[in-house]
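Participant: Just dropping this structure here.
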Amino acid sequence: MTPDPKHDPKEDPVRHHVFDGIAEYDRRLPNWWLLTFYGAIIFAIAYWFDRQIFARTDDAKDIQAEIARIDAVKLAAAGTRDDPTLWKMSRNPAFVTAGADTYKNTCASCHGNELKGGVGPSLVDAVWIHGSKPLDLIATVENGVPAKGMPTWGPLLGSKKINEVTAFILSHHPAPSGTE
Ligand code: HEC
């Protein structure tokens with residue numbers, strides 16, 4: 001730019017160098033521009049601390065949680081009820097957390113908060129009266145053992161909650177190899 005001859009040099013001084021006949025004004029950056037510029041720097045620093053130092057979660061955890069949620073929806077939608085599916089549910093936090101809720105409200109009074117037994121037998125030891133397979137547990141929970149004081153839960157809880165509470169019990173046991 002060639003300096004404008006009418007231009008007052010005190011207001012916006014022209015810088016000393018000239019390249020290819022082009023000189024430039026030494027103009028102060030407008031305040032709104034400086035504000036966005038410094039604002040962006042402060043935001044970047046705060047954002048970095050928030051994500052890298054104080055964040056309770058990170059991308060890997062977010063992805064794991066989202067995959068677990070999708071798996072849970074898929075498992076529930078498939079409606080399959082067999083041993084491998086129940087073992088899979090038992091490794092899925094969505095089922096296990098829901099099952100833990102049901103357990104606390106309906107089962108803990110007899111089987112204990114830690115599942116170690118009370119009126120009812122322990123559900124974490126290796127001793128099973130009615131079979132150790134996931135479908136055996138489902139059958140016991142659904143039909144109960146009325147003669148021995150284990151209520152019949154099928155009509156009360158429905159199959160969704162029974163799947164979840166069974167997954168919760170199984171989550172305390174090692175899954176067979178091949179279960180993800
Ligand atoms: C009123 C007490 C009581 C409640 C509540 C209760 N149970 Fe039981 N449960 C028992 C008793 C007693 C037995 C043992 C039955 C037997 O000896 O055949 C038992 C047995 C079982 C078994 C079989 C254990 C084995 O060794 O084979 C499972 C599984 C089980 N209960 C799960 C549950 C779940 C899940 C709930 C909650 C939805 C629940 N129970 C609620 C009393 C209870």
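Residues in the structure tokens are numbered from 1 in each chain, the chains being A, B, ... in the order shown, and ligands are numbered from 1 in the order shown.
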Which residues are close to Phe95 of chain A, i.e. within 10 Å by only C-alpha atoms, leaving aside same-chain residues fewer than 4 positions away? Reply as number ranges by chain.

Facilitator: A: 68-69, 72-73, 75-76, 86, 88-91, 99-100, 160-161, 163-168, 171

Participant: Would you name the residues within 9 Å of ligand 1, counting only C-alpha atoms and all ligand atoms, and put them as a VMD selection string?

Facilitator: chain A and resid 99 102 to 111 117 to 123 125 to 132 134 136 to 142 144 to 154 157 161 to 162 165 to 166 168 to 169

Participant: How would the residues just picked look written out with N, CA and C atoms as a compact mmCIF listing (two decimals), in the first residue's frame?

Facilitator:
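Output file result-v7.txt follows:
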# COMPACT_ATOMS: atom_id res chain seq x y z
N GLY A 99 -29.44 -54.96 37.80
CA GLY A 99 -29.66 -56.16 38.62
C GLY A 99 -29.33 -55.91 40.08
N THR A 102 -32.33 -54.31 41.77
CA THR A 102 -33.38 -55.29 42.07
C THR A 102 -32.94 -56.17 43.23
N TYR A 103 -31.68 -56.59 43.22
CA TYR A 103 -31.19 -57.47 44.28
C TYR A 103 -31.34 -56.79 45.64
N LYS A 104 -30.89 -55.54 45.69
CA LYS A 104 -30.92 -54.81 46.96
C LYS A 104 -32.35 -54.72 47.50
N ASN A 105 -33.28 -54.44 46.60
CA ASN A 105 -34.67 -54.25 47.03
C ASN A 105 -35.42 -55.53 47.31
N THR A 106 -35.09 -56.63 46.59
CA THR A 106 -35.94 -57.81 46.72
C THR A 106 -35.25 -59.04 47.27
N CYS A 107 -33.95 -59.13 47.16
CA CYS A 107 -33.29 -60.40 47.50
C CYS A 107 -32.38 -60.28 48.72
N ALA A 108 -31.83 -59.07 48.95
CA ALA A 108 -30.81 -58.92 49.98
C ALA A 108 -31.32 -59.32 51.36
N SER A 109 -32.63 -59.11 51.61
CA SER A 109 -33.16 -59.41 52.94
C SER A 109 -32.93 -60.87 53.31
N CYS A 110 -32.95 -61.78 52.34
CA CYS A 110 -32.74 -63.20 52.64
C CYS A 110 -31.34 -63.70 52.28
N HIS A 111 -30.77 -63.12 51.19
CA HIS A 111 -29.46 -63.64 50.74
C HIS A 111 -28.30 -62.76 51.19
N GLY A 117 -25.45 -64.92 52.01
CA GLY A 117 -26.45 -65.78 52.63
C GLY A 117 -27.00 -65.22 53.93
N GLY A 118 -28.10 -65.82 54.37
CA GLY A 118 -28.81 -65.42 55.58
C GLY A 118 -29.89 -66.46 55.74
N VAL A 119 -31.14 -66.01 55.58
CA VAL A 119 -32.24 -66.99 55.53
C VAL A 119 -32.05 -67.91 54.33
N GLY A 120 -31.66 -67.32 53.21
CA GLY A 120 -31.38 -68.10 51.99
C GLY A 120 -29.89 -68.40 51.91
N PRO A 121 -29.54 -69.32 51.04
CA PRO A 121 -28.12 -69.71 50.94
C PRO A 121 -27.25 -68.63 50.28
N SER A 122 -25.94 -68.76 50.48
CA SER A 122 -24.99 -67.86 49.82
C SER A 122 -25.10 -68.02 48.30
N LEU A 123 -24.98 -66.91 47.59
CA LEU A 123 -25.02 -66.97 46.12
C LEU A 123 -23.64 -66.71 45.52
N ASP A 125 -20.80 -68.60 46.86
CA ASP A 125 -19.90 -69.76 47.03
C ASP A 125 -20.07 -70.71 45.83
N ALA A 126 -19.38 -71.82 45.87
CA ALA A 126 -19.41 -72.73 44.73
C ALA A 126 -20.49 -73.80 44.91
N VAL A 127 -21.26 -73.69 46.00
CA VAL A 127 -22.28 -74.71 46.27
C VAL A 127 -23.63 -74.25 45.72
N TRP A 128 -24.20 -75.03 44.84
CA TRP A 128 -25.51 -74.71 44.27
C TRP A 128 -26.45 -75.88 44.54
N ILE A 129 -27.59 -75.58 45.16
CA ILE A 129 -28.57 -76.63 45.44
C ILE A 129 -29.31 -76.98 44.16
N HIS A 130 -29.58 -75.96 43.34
CA HIS A 130 -30.45 -76.17 42.18
C HIS A 130 -29.72 -75.98 40.85
N GLY A 131 -28.40 -76.15 40.85
CA GLY A 131 -27.66 -76.06 39.60
C GLY A 131 -26.96 -74.73 39.44
N SER A 132 -25.80 -74.76 38.80
CA SER A 132 -24.96 -73.56 38.73
C SER A 132 -25.04 -72.86 37.38
N PRO A 134 -26.43 -70.62 34.32
CA PRO A 134 -27.31 -69.44 34.32
C PRO A 134 -28.80 -69.80 34.19
N ASP A 136 -30.23 -72.50 35.13
CA ASP A 136 -30.69 -73.11 36.40
C ASP A 136 -31.08 -72.01 37.38
N LEU A 137 -30.23 -70.98 37.46
CA LEU A 137 -30.52 -69.87 38.38
C LEU A 137 -31.83 -69.19 37.99
N ILE A 138 -31.96 -68.95 36.67
CA ILE A 138 -33.19 -68.32 36.16
C ILE A 138 -34.40 -69.14 36.59
N ALA A 139 -34.31 -70.47 36.41
CA ALA A 139 -35.45 -71.33 36.75
C ALA A 139 -35.77 -71.24 38.24
N THR A 140 -34.72 -71.24 39.09
CA THR A 140 -34.97 -71.16 40.54
C THR A 140 -35.62 -69.82 40.90
N VAL A 141 -35.07 -68.73 40.30
CA VAL A 141 -35.59 -67.41 40.65
C VAL A 141 -37.03 -67.27 40.15
N GLU A 142 -37.27 -67.74 38.92
CA GLU A 142 -38.59 -67.57 38.33
C GLU A 142 -39.65 -68.40 39.07
N GLY A 144 -39.11 -70.20 41.98
CA GLY A 144 -38.95 -70.25 43.42
C GLY A 144 -38.86 -71.69 43.92
N VAL A 145 -38.65 -71.81 45.23
CA VAL A 145 -38.69 -73.14 45.87
C VAL A 145 -39.62 -72.95 47.07
N PRO A 146 -40.91 -72.83 46.78
CA PRO A 146 -41.85 -72.43 47.83
C PRO A 146 -41.72 -73.28 49.10
N ALA A 147 -41.49 -74.59 48.94
CA ALA A 147 -41.43 -75.46 50.11
C ALA A 147 -40.27 -75.09 51.04
N LYS A 148 -39.21 -74.45 50.46
CA LYS A 148 -38.03 -74.15 51.26
C LYS A 148 -37.92 -72.66 51.61
N GLY A 149 -38.94 -71.90 51.22
CA GLY A 149 -38.93 -70.48 51.59
C GLY A 149 -38.35 -69.54 50.55
N MET A 150 -38.06 -70.03 49.35
CA MET A 150 -37.62 -69.13 48.27
C MET A 150 -38.85 -68.76 47.44
N PRO A 151 -39.24 -67.48 47.48
CA PRO A 151 -40.48 -67.08 46.79
C PRO A 151 -40.40 -67.26 45.27
N THR A 152 -41.56 -67.29 44.63
CA THR A 152 -41.66 -67.40 43.18
C THR A 152 -41.65 -65.98 42.60
N TRP A 153 -40.57 -65.64 41.87
CA TRP A 153 -40.41 -64.24 41.45
C TRP A 153 -40.90 -63.96 40.04
N GLY A 154 -41.11 -65.01 39.25
CA GLY A 154 -41.51 -64.82 37.84
C GLY A 154 -42.60 -63.78 37.66
N LEU A 157 -41.52 -60.06 39.12
CA LEU A 157 -40.45 -59.25 38.54
C LEU A 157 -40.50 -59.16 37.02
N LYS A 161 -36.28 -58.08 34.53
CA LYS A 161 -35.63 -57.90 35.83
C LYS A 161 -34.97 -59.19 36.30
N ILE A 162 -35.56 -60.32 35.96
CA ILE A 162 -34.95 -61.59 36.37
C ILE A 162 -33.63 -61.81 35.62
N VAL A 165 -31.11 -59.45 37.42
CA VAL A 165 -30.67 -59.88 38.75
C VAL A 165 -29.80 -61.14 38.65
N THR A 166 -30.11 -61.99 37.67
CA THR A 166 -29.28 -63.17 37.45
C THR A 166 -27.90 -62.74 36.95
N PHE A 168 -26.48 -60.02 37.66
CA PHE A 168 -25.78 -59.47 38.83
C PHE A 168 -25.16 -60.59 39.67
N ILE A 169 -25.91 -61.67 39.91
CA ILE A 169 -25.35 -62.80 40.69
C ILE A 169 -24.17 -63.41 39.94

Participant: What's the 10 Å shell around segment 52-65 of chain A, counting only C-alpha atoms, without same-chain residues fewer than 4 positions away, as a PyMOL selection string?

Facilitator: chain A and resi 47-48+69-71+92-94

Participant: Atom CA of Leu34 of chain A to atom CA of Arg51 of chain A: how many Å, to one decimal?

Facilitator: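 These two atoms are separated by 25.6 Å.
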
Participant: Can you measure atom CA of Val14 of chain A to atom CA of Arg28 of chain A for me? One decimal in Å is fine.

Facilitator: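 One can read the atom CA of Val14 of chain A to atom CA of Arg28 of chain A distance as 11.7 Å.
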
Participant: Select from segment 9-176 of chain A everything DSSP, run on the backbone, classes as alpha helix (DSSP H), then give the selection as a ChimeraX atom specification.

Facilitator: /A:31-48,59-78,83-90,93-102,108-111,134-143,154-170

Participant: Taking into account only C-alpha atoms, which residue in the set A:Ser159, A:Asp101, A:Asp26, A:Gly39 is nearest to Asp12 of chain A?

Facilitator: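 Closest candidate: A:Asp26.
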
Participant: As an exercise, work out the distance from atom CA of Pro155 of chain A to atom CA of Asn143 of chain A in Å and give it to one decimal place.

Facilitator: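 Atom-to-atom, atom CA of Pro155 of chain A to atom CA of Asn143 of chain A, that is 9.0 Å.
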
Participant: Write down as a list of chain:residue names the residues of chain A whose backbone DSSP state falls under strand (DSSP E or B).

Facilitator: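 Here are the strand (DSSP E or B) residues of chain A: A:Val14, A:Phe19, A:Ile22, A:Tyr25, A:Val145, A:Met150.
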
Participant: Restricting the calculation to only C-alpha atoms, which member of A:Lys133, A:Lys6, A:His172, A:Arg81 is positioned closest to Lys116 of chain A?

Facilitator: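 Once distances to Lys116 of chain A are computed over only C-alpha atoms, the minimum belongs to A:His172.
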